[in-house]
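Pasted below: structure39.txt, compact mmCIF, C-alpha atoms and all ligand atoms.
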```
# COMPACT_ATOMS: atom_id res chain seq x y z
CA MET A 185 -22.53 -29.76 -23.38
CA ASP A 186 -23.47 -32.82 -21.32
CA ALA A 187 -23.06 -32.93 -17.56
CA GLU A 188 -19.82 -34.86 -17.73
CA ALA A 189 -18.22 -32.42 -20.16
CA ALA A 190 -19.45 -29.48 -18.05
CA ALA A 191 -17.91 -31.01 -14.92
CA ALA A 192 -14.61 -31.59 -16.75
CA ALA A 193 -14.60 -27.98 -18.02
CA ALA A 194 -15.30 -26.68 -14.49
CA ALA A 195 -12.48 -28.83 -13.07
CA ALA A 196 -10.06 -27.57 -15.75
CA ALA A 197 -11.03 -23.94 -15.04
CA LYS A 198 -10.46 -24.52 -11.33
CA GLU A 199 -7.05 -26.03 -12.00
CA LYS A 200 -6.15 -23.07 -14.23
CA GLU A 201 -7.19 -20.62 -11.50
CA LYS A 202 -5.11 -22.52 -8.92
CA ASP A 203 -2.06 -22.43 -11.19
CA MET A 204 -2.42 -18.70 -11.84
CA ARG A 205 -2.97 -17.89 -8.16
CA GLU A 206 0.16 -19.85 -7.20
CA TRP A 207 2.11 -18.10 -9.91
CA CYS A 208 0.97 -14.69 -8.63
CA VAL A 209 2.24 -15.60 -5.15
CA ALA A 210 5.60 -16.72 -6.58
CA LEU A 211 5.96 -13.52 -8.60
CA PRO A 212 8.33 -11.09 -6.82
CA LYS A 213 6.27 -7.98 -6.07
CA VAL A 214 6.72 -4.34 -5.18
CA GLU A 215 4.08 -2.74 -2.92
CA LEU A 216 3.94 1.05 -3.05
CA HIS A 217 0.55 1.90 -1.52
CA ALA A 218 -0.22 0.15 1.77
CA HIS A 219 -1.61 1.98 4.83
CA LEU A 220 -0.33 0.45 8.06
CA ASN A 221 -3.64 0.50 9.96
CA GLY A 222 -5.55 -0.69 6.89
CA SER A 223 -3.31 -3.74 6.57
CA VAL A 224 -3.79 -5.23 10.05
CA ARG A 225 -4.88 -8.88 10.28
CA ASP A 226 -8.52 -9.45 11.28
CA SER A 227 -7.33 -11.92 13.93
CA THR A 228 -5.20 -9.22 15.56
CA LEU A 229 -8.03 -6.67 15.47
CA LEU A 230 -10.36 -9.21 17.09
CA GLU A 231 -7.79 -10.01 19.78
CA LEU A 232 -7.31 -6.30 20.54
CA ALA A 233 -11.08 -5.77 20.57
CA LYS A 234 -11.48 -8.62 23.06
CA GLN A 235 -8.87 -7.02 25.36
CA LEU A 236 -10.61 -3.63 25.24
CA SER A 237 -13.97 -5.28 25.77
CA ASP A 238 -12.62 -7.02 28.89
CA LYS A 239 -11.62 -3.57 30.17
CA GLY A 240 -15.16 -2.32 29.46
CA VAL A 241 -14.04 0.20 26.82
CA ILE A 242 -16.04 -1.35 23.94
CA VAL A 243 -18.65 -4.07 23.42
CA PHE A 244 -16.89 -6.98 21.68
CA GLU A 245 -19.90 -8.36 19.80
CA ASP A 246 -20.68 -4.95 18.24
CA VAL A 247 -17.09 -4.42 17.15
CA LYS A 248 -16.70 -8.00 15.87
CA GLY A 249 -19.64 -7.51 13.51
CA VAL A 250 -18.07 -4.36 12.09
CA ILE A 251 -14.61 -5.87 11.65
CA MET A 252 -15.88 -9.02 9.90
CA LYS A 253 -18.39 -7.26 7.61
CA ASN A 254 -17.59 -7.48 3.92
CA GLY A 255 -18.97 -4.53 1.95
CA ARG A 256 -17.42 -1.16 2.78
CA SER A 257 -18.47 2.21 1.36
CA LEU A 258 -15.85 4.96 1.30
CA GLN A 259 -17.43 6.74 4.27
CA GLU A 260 -17.77 3.45 6.21
CA CYS A 261 -14.01 2.97 5.72
CA PHE A 262 -13.23 6.19 7.55
CA ARG A 263 -15.60 5.34 10.40
CA LEU A 264 -13.84 1.98 10.61
CA PHE A 265 -10.43 3.64 10.76
CA GLU A 266 -11.62 5.52 13.84
CA LEU A 267 -12.39 2.17 15.44
CA TYR A 268 -9.08 0.66 14.28
CA HIS A 269 -7.22 3.60 15.78
CA ILE A 270 -8.94 3.05 19.15
CA LEU A 271 -7.75 -0.58 18.99
CA THR A 272 -4.19 0.00 17.78
CA THR A 273 -2.99 3.38 19.04
CA ASP A 274 -0.59 2.56 21.84
CA HIS A 275 3.14 2.11 21.41
CA ASP A 276 3.34 -1.66 21.91
CA THR A 277 0.43 -2.32 19.60
CA VAL A 278 1.80 -0.04 16.90
CA ALA A 279 5.08 -1.99 17.04
CA ARG A 280 3.18 -5.28 16.93
CA ILE A 281 1.02 -4.43 13.91
CA THR A 282 4.06 -3.10 12.02
CA LYS A 283 5.88 -6.39 12.59
CA GLU A 284 2.88 -8.45 11.51
CA VAL A 285 2.13 -6.36 8.42
CA VAL A 286 5.73 -6.70 7.19
CA GLU A 287 5.70 -10.45 7.84
CA ASP A 288 2.43 -10.83 5.92
CA PHE A 289 3.74 -8.97 2.88
CA ALA A 290 7.03 -10.89 2.98
CA ALA A 291 5.13 -14.19 3.14
CA GLU A 292 3.70 -13.58 -0.31
CA ASN A 293 6.99 -12.62 -1.94
CA VAL A 294 6.74 -8.86 -1.69
CA VAL A 295 10.42 -7.93 -2.01
CA TYR A 296 10.03 -4.18 -1.58
CA LEU A 297 7.40 -2.55 0.62
CA GLU A 298 6.64 1.10 1.25
CA ILE A 299 4.37 1.26 4.31
CA ARG A 300 2.63 4.56 4.85
CA THR A 301 1.25 5.63 8.19
CA THR A 302 -0.04 8.79 9.87
CA PRO A 303 2.13 9.82 12.85
CA LYS A 304 -0.30 10.43 15.72
CA ASN A 305 -0.35 12.67 18.77
CA ASN A 306 -2.39 11.09 21.55
CA GLU A 307 -1.98 12.78 24.90
CA ALA A 308 -3.97 10.17 26.84
CA LYS A 309 -1.51 7.47 25.67
CA GLY A 310 1.54 9.70 26.15
CA MET A 311 2.07 9.51 22.41
CA THR A 312 3.66 12.09 20.15
CA LYS A 313 4.16 11.87 16.40
CA ARG A 314 7.80 11.10 17.13
CA SER A 315 7.10 8.38 19.70
CA TYR A 316 4.50 6.84 17.34
CA MET A 317 7.16 6.59 14.64
CA ASN A 318 9.69 5.20 17.12
CA ALA A 319 7.18 2.42 17.80
CA VAL A 320 6.80 1.75 14.05
CA ILE A 321 10.58 1.56 13.65
CA LYS A 322 10.82 -0.73 16.68
CA GLY A 323 8.23 -2.97 15.02
CA LEU A 324 10.41 -3.21 11.91
CA GLN A 325 13.34 -4.26 14.07
CA THR A 326 11.38 -7.09 15.69
CA VAL A 327 10.29 -8.82 12.47
CA GLU A 328 11.22 -12.49 12.80
CA ALA A 329 9.69 -14.31 9.88
CA ALA A 330 11.69 -12.33 7.30
CA GLU A 331 14.91 -10.39 7.13
CA VAL A 332 14.13 -6.68 6.84
CA VAL A 333 16.49 -4.53 4.82
CA LEU A 334 15.98 -1.02 6.16
CA PHE A 335 19.11 0.70 4.93
CA ASP A 336 20.77 0.90 1.54
CA SER A 337 24.05 0.01 3.22
CA ASN A 338 22.58 -3.41 4.12
CA LEU A 339 22.56 -4.27 0.44
CA SER A 340 26.13 -5.37 0.00
CA THR A 341 27.56 -7.84 -2.45
CA ASP A 342 27.00 -10.75 -0.10
CA LYS A 343 23.46 -9.65 0.69
CA THR A 344 21.20 -9.26 -2.29
CA LEU A 345 17.44 -9.35 -2.11
CA THR A 346 15.98 -12.79 -2.71
CA CYS A 347 12.56 -14.23 -3.16
CA THR A 348 11.29 -17.79 -2.99
CA PRO A 349 11.36 -19.58 -6.33
CA MET A 350 8.06 -21.11 -7.48
CA SER A 351 9.54 -24.60 -7.17
CA GLU A 352 10.24 -24.04 -3.47
CA LEU A 353 6.96 -22.38 -2.45
CA GLY A 354 5.54 -24.08 0.62
CA GLY A 355 8.66 -26.09 1.36
CA ASP A 356 11.07 -23.18 1.52
CA THR A 357 12.86 -22.86 4.82
CA ARG A 358 15.13 -19.95 3.94
CA LYS A 359 14.24 -16.61 5.48
CA LYS A 360 12.78 -14.20 2.96
CA MET A 361 14.35 -10.80 2.57
CA ILE A 362 12.17 -7.76 2.24
CA CYS A 363 13.28 -4.20 1.74
CA VAL A 364 11.02 -1.87 3.75
CA ARG A 365 10.73 1.89 3.61
CA LEU A 366 8.31 4.26 5.36
CA LEU A 367 6.14 7.10 4.07
CA LEU A 368 4.61 9.54 6.54
CA SER A 369 0.97 10.35 5.83
CA ILE A 370 -0.62 13.74 6.35
CA ASP A 371 -4.26 13.15 7.31
CA ARG A 372 -6.71 15.53 5.59
CA ARG A 373 -8.21 16.35 9.02
CA GLU A 374 -4.92 17.92 10.11
CA THR A 375 -4.06 21.62 10.34
CA THR A 376 -1.29 23.24 8.32
CA LEU A 377 0.94 23.21 11.40
CA ALA A 378 0.35 19.53 12.10
CA ALA A 379 1.08 18.74 8.44
CA LEU A 380 4.31 20.73 8.64
CA ASP A 381 5.27 18.77 11.78
CA THR A 382 4.88 15.55 9.81
CA VAL A 383 7.13 16.80 7.00
CA ASN A 384 9.77 17.92 9.49
CA LEU A 385 9.55 14.55 11.23
CA ALA A 386 10.08 12.81 7.88
CA MET A 387 13.24 14.84 7.45
CA GLU A 388 14.44 13.96 10.98
CA LEU A 389 13.84 10.25 10.36
CA LYS A 390 15.34 10.04 6.92
CA ASP A 391 18.22 7.96 8.26
CA GLN A 392 15.77 5.53 9.82
CA GLY A 393 13.94 4.34 6.74
CA VAL A 394 11.53 7.25 6.14
CA ILE A 395 11.69 8.27 2.49
CA GLY A 396 8.51 10.08 1.55
CA ILE A 397 5.30 11.93 2.30
CA ASP A 398 1.72 10.91 1.50
CA LEU A 399 -1.48 12.95 1.59
CA SER A 400 -4.47 10.78 2.51
CA GLY A 401 -7.60 10.64 4.65
CA ASN A 402 -11.30 11.15 4.04
CA PRO A 403 -11.47 12.87 0.62
CA VAL A 404 -14.62 14.83 1.52
CA VAL A 405 -12.85 16.43 4.49
CA GLY A 406 -10.44 19.37 4.38
CA GLU A 407 -9.08 21.81 1.81
CA TRP A 408 -6.07 21.51 -0.49
CA GLU A 409 -4.84 24.95 0.62
CA THR A 410 -4.43 23.62 4.18
CA TYR A 411 -1.84 21.00 3.17
CA LEU A 412 -0.17 22.89 0.35
CA PRO A 413 2.41 24.71 2.54
CA ALA A 414 3.54 21.38 4.02
CA LEU A 415 3.68 19.68 0.62
CA GLU A 416 5.66 22.60 -0.79
CA HIS A 417 8.01 22.39 2.20
CA ALA A 418 8.55 18.68 1.47
CA LYS A 419 9.25 19.51 -2.16
CA GLU A 420 11.83 22.12 -1.13
CA LEU A 421 13.49 19.57 1.14
CA GLY A 422 13.63 17.10 -1.75
CA ILE A 423 11.32 14.55 -0.07
CA PRO A 424 9.34 12.49 -2.63
CA ILE A 425 5.57 12.91 -2.40
CA THR A 426 2.59 10.75 -3.30
CA ILE A 427 -0.95 12.13 -3.18
CA HIS A 428 -4.38 10.47 -3.05
CA CYS A 429 -6.08 11.97 -6.06
CA GLY A 430 -9.66 11.84 -7.32
CA GLU A 431 -11.19 9.37 -4.89
CA VAL A 432 -14.18 11.69 -5.22
CA ALA A 433 -14.97 14.11 -8.06
CA ASN A 434 -13.47 17.25 -6.52
CA ARG A 435 -12.61 19.09 -9.79
CA LYS A 436 -10.73 21.97 -8.21
CA GLU A 437 -8.54 19.71 -6.12
CA ILE A 438 -7.80 17.18 -8.89
CA GLN A 439 -6.62 20.08 -11.05
CA ALA A 440 -4.46 21.46 -8.20
CA VAL A 441 -2.92 18.03 -7.50
CA LEU A 442 -2.04 17.49 -11.18
CA ASP A 443 -0.53 21.00 -11.29
CA PHE A 444 1.51 20.24 -8.17
CA CYS A 445 3.11 17.30 -9.99
CA PRO A 446 3.98 14.90 -7.15
CA GLN A 447 6.29 11.93 -7.81
CA ARG A 448 3.34 9.50 -7.68
CA LEU A 449 -0.46 9.56 -7.46
CA GLY A 450 -2.83 7.15 -5.72
CA HIS A 451 -6.20 5.96 -7.06
CA VAL A 452 -7.09 8.59 -9.78
CA CYS A 453 -10.70 7.38 -9.99
CA CYS A 454 -12.97 10.30 -10.78
CA LEU A 455 -11.13 12.21 -13.50
CA ASN A 456 -12.89 13.93 -16.42
CA ASP A 457 -11.65 13.84 -20.01
CA ASP A 458 -9.38 16.86 -19.67
CA GLU A 459 -7.89 15.54 -16.42
CA TRP A 460 -7.21 12.12 -17.99
CA LYS A 461 -5.40 13.86 -20.81
CA LYS A 462 -3.37 15.93 -18.40
CA LEU A 463 -2.50 12.89 -16.27
CA LYS A 464 -1.42 10.87 -19.30
CA SER A 465 0.79 13.61 -20.64
CA SER A 466 2.35 14.09 -17.18
CA MET A 467 3.49 10.43 -17.03
CA ILE A 468 3.18 10.56 -13.22
CA PRO A 469 3.14 6.90 -12.05
CA VAL A 470 -0.21 5.79 -10.63
CA GLU A 471 -0.70 3.43 -7.67
CA ILE A 472 -3.66 1.29 -8.79
CA CYS A 473 -5.87 -0.14 -6.04
CA LEU A 474 -8.45 -2.35 -7.82
CA THR A 475 -10.28 -4.02 -4.94
CA SER A 476 -10.32 -0.86 -2.85
CA ASN A 477 -11.75 1.26 -5.68
CA VAL A 478 -14.49 -1.24 -6.53
CA MET A 479 -15.46 -1.72 -2.87
CA THR A 480 -15.60 2.00 -2.13
CA GLY A 481 -17.36 2.94 -5.39
CA GLY A 482 -14.43 4.79 -6.99
CA ALA A 483 -14.75 2.40 -9.93
CA PRO A 484 -18.10 0.92 -11.07
CA SER A 485 -16.72 -2.65 -11.38
CA LEU A 486 -13.46 -4.52 -11.92
CA GLU A 487 -14.24 -4.78 -15.64
CA LEU A 488 -14.80 -1.03 -15.94
CA HIS A 489 -11.84 -0.01 -13.76
CA HIS A 490 -9.60 2.68 -15.26
CA PHE A 491 -6.64 0.26 -15.01
CA ALA A 492 -7.48 -0.96 -18.54
CA ASP A 493 -7.42 2.49 -20.10
CA LEU A 494 -4.17 3.51 -18.38
CA TYR A 495 -2.54 0.15 -19.16
CA ASN A 496 -3.49 0.36 -22.83
CA ALA A 497 -2.14 3.92 -22.92
CA LYS A 498 1.16 2.53 -21.51
CA HIS A 499 0.88 4.91 -18.56
CA PRO A 500 3.31 4.03 -15.69
CA LEU A 501 1.37 1.93 -13.18
CA SER A 502 1.89 -0.22 -10.15
CA LEU A 503 -0.66 -2.58 -8.59
CA CYS A 504 -1.21 -2.00 -4.86
CA THR A 505 -3.45 -3.21 -2.03
CA ASP A 506 -4.26 0.09 -0.26
CA ASP A 507 -5.74 -1.62 2.83
CA SER A 508 -5.27 -5.39 2.54
CA GLY A 509 -6.90 -6.03 5.93
CA LEU A 510 -9.86 -3.73 5.46
CA PHE A 511 -10.59 -5.05 1.96
CA SER A 512 -9.57 -8.69 2.55
CA THR A 513 -7.10 -8.76 -0.30
CA SER A 514 -3.38 -9.31 -0.91
CA LEU A 515 -0.96 -8.07 -3.54
CA SER A 516 -0.91 -11.53 -5.15
CA ASN A 517 -4.69 -11.38 -5.36
CA GLU A 518 -4.55 -7.95 -7.05
CA TYR A 519 -2.26 -9.45 -9.74
CA TYR A 520 -4.61 -12.41 -10.11
CA LEU A 521 -7.57 -10.03 -10.57
CA VAL A 522 -5.74 -8.24 -13.39
CA ALA A 523 -5.12 -11.61 -15.09
CA SER A 524 -8.67 -12.88 -14.67
CA THR A 525 -10.42 -9.59 -15.46
CA PHE A 526 -8.31 -8.09 -18.24
CA GLY A 527 -6.79 -11.26 -19.71
CA LEU A 528 -3.14 -10.39 -19.07
CA GLY A 529 -0.83 -13.39 -19.40
CA LYS A 530 2.14 -14.29 -17.22
CA ALA A 531 4.70 -12.39 -19.32
CA GLU A 532 2.59 -9.21 -19.11
CA LEU A 533 2.04 -9.59 -15.35
CA PHE A 534 5.76 -10.14 -14.86
CA GLN A 535 6.48 -6.94 -16.79
CA LEU A 536 3.91 -5.02 -14.73
CA ALA A 537 5.54 -6.17 -11.47
CA GLN A 538 9.02 -5.43 -12.79
CA ASP A 539 8.09 -1.95 -14.03
CA ALA A 540 7.05 -0.93 -10.48
CA VAL A 541 10.75 -1.08 -9.48
CA GLU A 542 11.31 2.15 -11.38
CA PHE A 543 8.71 4.03 -9.29
CA VAL A 544 10.03 3.20 -5.79
CA PHE A 545 11.11 6.18 -3.69
CA ALA A 546 14.24 4.35 -2.48
CA GLY A 547 17.59 5.12 -4.08
CA ASP A 548 19.61 3.58 -6.89
CA GLU A 549 21.22 0.83 -4.80
CA VAL A 550 17.81 -0.56 -3.93
CA LYS A 551 16.58 -0.28 -7.51
CA LYS A 552 19.66 -2.10 -8.73
CA SER A 553 19.09 -4.89 -6.24
CA LEU A 554 15.42 -5.16 -7.19
CA ARG A 555 16.22 -5.32 -10.89
CA GLU A 556 18.48 -8.28 -10.05
CA VAL A 557 15.63 -10.02 -8.23
CA PHE A 558 13.49 -9.83 -11.35
CA LYS A 559 16.33 -10.90 -13.60
CA ARG A 560 16.84 -14.03 -11.49
CA ALA A 561 13.10 -14.78 -11.35
CA GLU A 562 12.61 -14.24 -15.09
CA LYS A 563 13.82 -17.64 -16.24
CA GLU A 564 11.42 -19.53 -14.04
CA LEU A 565 8.38 -17.32 -14.28
CA LYS A 566 8.20 -15.74 -17.70
C1 LIG A 601 -7.77 7.82 1.76
C2 LIG A 601 -6.99 6.31 3.30
C3 LIG A 601 -7.56 5.24 2.58
O1 LIG A 601 -2.17 6.04 8.60
O2 LIG A 601 -3.44 5.13 10.56
N1 LIG A 601 -6.40 5.79 4.38
N2 LIG A 601 -7.10 7.59 2.89
N3 LIG A 601 -8.36 6.86 1.03
C4 LIG A 601 -8.29 5.55 1.40
N4 LIG A 601 -8.95 4.62 0.65
C5 LIG A 601 -9.80 3.63 1.16
N5 LIG A 601 -7.27 4.10 3.23
C6 LIG A 601 -6.54 4.46 4.32
O3 LIG A 601 -3.71 4.09 8.27
C7 LIG A 601 -5.08 4.42 8.18
C8 LIG A 601 -5.25 5.78 7.57
O4 LIG A 601 -4.87 5.76 6.19
C9 LIG A 601 -5.71 6.61 5.42
C10 LIG A 601 -6.71 7.23 6.38
O5 LIG A 601 -6.25 8.49 6.80
C11 LIG A 601 -6.71 6.24 7.54
O6 LIG A 601 -7.10 6.83 8.77
P1 LIG A 601 -2.69 4.81 9.30
O7 LIG A 601 -1.64 3.77 9.52
```
As a first step, turn the structure in this file into structure tokens.
Amino acid sequence: MDAEAAAAAAAAAKEKEKDMREWCVALPKVELHAHLNGSVRDSTLLELAKQLSDKGVIVFEDVKGVIMKNGRSLQECFRLFELYHILTTDHDTVARITKEVVEDFAAENVVYLEIRTTPKNNEAKGMTKRSYMNAVIKGLQTVEAAEVVLFDSNLSTDKTLTCTPMSELGGDTRKKMICVRLLLSIDRRETTLAALDTVNLAMELKDQGVIGIDLSGNPVVGEWETYLPALEHAKELGIPITIHCGEVANRKEIQAVLDFCPQRLGHVCCLNDDEWKKLKSSMIPVEICLTSNVMTGGAPSLELHHFADLYNAKHPLSLCTDDSGLFSTSLSNEYYLVASTFGLGKAELFQLAQDAVEFVFAGDEVKKSLREVFKRAEKELK
């Protein structure tokens, strides 16, 4: 190929990438696995770091280097979360980051978002798990750039969920609508009692948008038996549960999680042949976090990510960001990565996004409304 032909081929490839990226933004999307503190904008973290540095609590230049660094091992992530929590854990800031995170997801046509976050006790800040959650809920109420649908009753005949058509991207002045629900995370560092408190809090807040429980945190910390009573309590109360599973090769725990049969599973990276078989026969939907798994070593590369195997086996899947701030990604980018890595076309990506509707923890009214969103978008996008 001569230089001219090579330049033309490169220009065509660039154009094709641009078209696919725009299409992935226009695609209505459902986000089921997003940690609040992992989804904070870098600019907000830097602003908060500057404020704490001015008060002499931290050294800005040190923190800036850590926030802006690209590669992140799994253990580095958990050290970073300790820093993030120093920056974000006060009521006003929790409300602020909640507002911003919702606005960021809405901006890229996420029509349904389940945010998960760990309710925190922090005596020095006068914070209880309850007051932390009140701040999160306040944040949802202050969202300006999009209309947040927090209750099923808000979905009436005159108010259906909408997303911005491809033809209007960029120039659209209508407010986007985004349905938001909350999952309360149990951190693996917590005691059985603290985990039970979180489940009881989820029950108390079920009329305020809380619809599920998540088990997360550093996978090399803690024991399954510690959280089991709380997870069983949630099950008895009928609260849907999602569990981080197999981020590391902890055979005993992976087995126990699969036996527990939660409504959804996150990650499922380090399974052995028997565990894959068991997972596939269970048909438990999996929250796939491509960028996160590759960055933290849960998958060897994008090409070798277990998405391909599960997708080919027609296992129920939904693409998710995990920590869009921490890993510098977005849900649109995760869809683009699936297209560019595994060769899925627009019709297949559309189906993947649409299928996720069936795995949301919200009730039938919301599902019905989401199915309508996809029906309306189908003509233009498929
Ligand atoms: C396990 C993770 C995680 O709850 O303070 N978290 N847990 N694996 C991951 N993969 C990289 N990413 C985030 O959000 C931050 C908390 O979410 C969990 C960790 O417990 C982290 O402290 P919240 O809003």
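Checking A:Lys461, A:Met387, A:Lys304, A:Pro469 one by one against A:Glu420, counting all atoms listed in the file, you find the shortest gap at A:Met387.
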Could you work out an axis-aligned bounding box for all listed atoms of ligand LIG 601 (chain A), with 5 Å added on each of the six sides, and give its centre and edge lengths in Å to one decimal, as lines of an AutoDock Vina configuration file?
```
center_x = -5.7
center_y = 6.1
center_z = 5.6
size_x = 18.2
size_y = 14.9
size_z = 19.9
```
Q: Check the smallest atom-to-atom distance from each of A:Gly450, A:Gly310, A:Gly422, A:Gly529 to ligand LIG 601 (chain A) using all atoms listed in the file, then report the winner.
A: A:Gly450
Q | Test item: residues lying within 7 Å of ligand LIG 601 (chain A) with all atoms listed in the file, as a ChimeraX atom specification | A | /A:219-222,258,261-262,265-266,269,300-302,369,371,400-403,428,476,480,506-507
**Q.** Residue contacts of A:Leu211 (10 Å, only C-alpha atoms) excluding same-chain residues fewer than 6 positions away, as a ChimeraX atom specification
**A.** /A:205,292-295,347-350,516,519,530,533-534,537-538,558,561-562,564-566
Q) How many Å lie between atom CA of A:Glu215 and atom CA of A:Ile468, rounded to one decimal? A) 16.8 Å
Q) Do you know which residues are at most 10 Å from A:Cys429 counting only C-alpha atoms, after dropping those on the same chain fewer than 3 positions away, and could you put them as a ChimeraX atom specification? A) /A:399-400,403,426,432-434,437-442,448-455,470
Kindly add N, CA, C and O atoms to the incomplete stretch 443-460 of chain A and provide the output as a JSON list (two decimals), in the frame of the given file.
```json
[["chain", "number", "residue", "atom", "x", "y", "z"],
["A", 443, "ASP", "N", -1.45, 19.86, -11.11],
["A", 443, "ASP", "CA", -0.53, 21.00, -11.29],
["A", 443, "ASP", "C", 0.67, 20.90, -10.36],
["A", 443, "ASP", "O", 1.76, 21.34, -10.68],
["A", 444, "PHE", "N", 0.44, 20.34, -9.17],
["A", 444, "PHE", "CA", 1.51, 20.24, -8.17],
["A", 444, "PHE", "C", 2.59, 19.25, -8.61],
["A", 444, "PHE", "O", 3.76, 19.37, -8.23],
["A", 445, "CYS", "N", 2.16, 18.27, -9.43],
["A", 445, "CYS", "CA", 3.11, 17.30, -9.99],
["A", 445, "CYS", "C", 3.91, 16.51, -8.95],
["A", 445, "CYS", "O", 5.16, 16.60, -8.91],
["A", 446, "PRO", "N", 3.24, 15.72, -8.11],
["A", 446, "PRO", "CA", 3.98, 14.90, -7.15],
["A", 446, "PRO", "C", 4.69, 13.75, -7.88],
["A", 446, "PRO", "O", 4.42, 13.52, -9.07],
["A", 447, "GLN", "N", 5.56, 13.03, -7.17],
["A", 447, "GLN", "CA", 6.29, 11.93, -7.81],
["A", 447, "GLN", "C", 5.36, 10.77, -8.17],
["A", 447, "GLN", "O", 5.62, 10.05, -9.12],
["A", 448, "ARG", "N", 4.31, 10.56, -7.33],
["A", 448, "ARG", "CA", 3.34, 9.50, -7.68],
["A", 448, "ARG", "C", 1.94, 9.95, -7.27],
["A", 448, "ARG", "O", 1.79, 10.86, -6.43],
["A", 449, "LEU", "N", 0.93, 9.27, -7.83],
["A", 449, "LEU", "CA", -0.46, 9.56, -7.46],
["A", 449, "LEU", "C", -1.13, 8.25, -7.06],
["A", 449, "LEU", "O", -0.86, 7.19, -7.65],
["A", 450, "GLY", "N", -2.05, 8.33, -6.09],
["A", 450, "GLY", "CA", -2.83, 7.15, -5.72],
["A", 450, "GLY", "C", -4.23, 7.26, -6.28],
["A", 450, "GLY", "O", -4.80, 8.36, -6.36],
["A", 451, "HIS", "N", -4.78, 6.12, -6.69],
["A", 451, "HIS", "CA", -6.20, 5.96, -7.06],
["A", 451, "HIS", "C", -6.60, 6.55, -8.42],
["A", 451, "HIS", "O", -7.02, 5.85, -9.29],
["A", 452, "VAL", "N", -6.59, 7.87, -8.58],
["A", 452, "VAL", "CA", -7.09, 8.59, -9.78],
["A", 452, "VAL", "C", -8.38, 7.97, -10.34],
["A", 452, "VAL", "O", -8.43, 7.57, -11.50],
["A", 453, "CYS", "N", -9.44, 8.00, -9.54],
["A", 453, "CYS", "CA", -10.70, 7.38, -9.99],
["A", 453, "CYS", "C", -11.59, 8.32, -10.79],
["A", 453, "CYS", "O", -12.02, 7.99, -11.88],
["A", 454, "CYS", "N", -11.87, 9.48, -10.23],
["A", 454, "CYS", "CA", -12.97, 10.30, -10.78],
["A", 454, "CYS", "C", -12.47, 11.45, -11.64],
["A", 454, "CYS", "O", -12.80, 12.61, -11.38],
["A", 455, "LEU", "N", -11.66, 11.14, -12.65],
["A", 455, "LEU", "CA", -11.13, 12.21, -13.50],
["A", 455, "LEU", "C", -12.06, 12.44, -14.69],
["A", 455, "LEU", "O", -12.72, 11.51, -15.16],
["A", 456, "ASN", "N", -12.12, 13.68, -15.19],
["A", 456, "ASN", "CA", -12.89, 13.93, -16.42],
["A", 456, "ASN", "C", -11.93, 13.88, -17.62],
["A", 456, "ASN", "O", -10.72, 13.68, -17.45],
["A", 457, "ASP", "N", -12.47, 14.06, -18.81],
["A", 457, "ASP", "CA", -11.65, 13.84, -20.01],
["A", 457, "ASP", "C", -10.38, 14.70, -20.03],
["A", 457, "ASP", "O", -9.30, 14.22, -20.35],
["A", 458, "ASP", "N", -10.55, 15.98, -19.66],
["A", 458, "ASP", "CA", -9.38, 16.86, -19.67],
["A", 458, "ASP", "C", -8.33, 16.42, -18.65],
["A", 458, "ASP", "O", -7.12, 16.47, -18.91],
["A", 459, "GLU", "N", -8.82, 15.97, -17.48],
["A", 459, "GLU", "CA", -7.89, 15.54, -16.42],
["A", 459, "GLU", "C", -7.16, 14.24, -16.82],
["A", 459, "GLU", "O", -5.97, 14.09, -16.54],
["A", 460, "TRP", "N", -7.88, 13.34, -17.50],
["A", 460, "TRP", "CA", -7.21, 12.12, -17.99],
["A", 460, "TRP", "C", -6.09, 12.50, -18.95],
["A", 460, "TRP", "O", -4.99, 11.95, -18.89]]
```
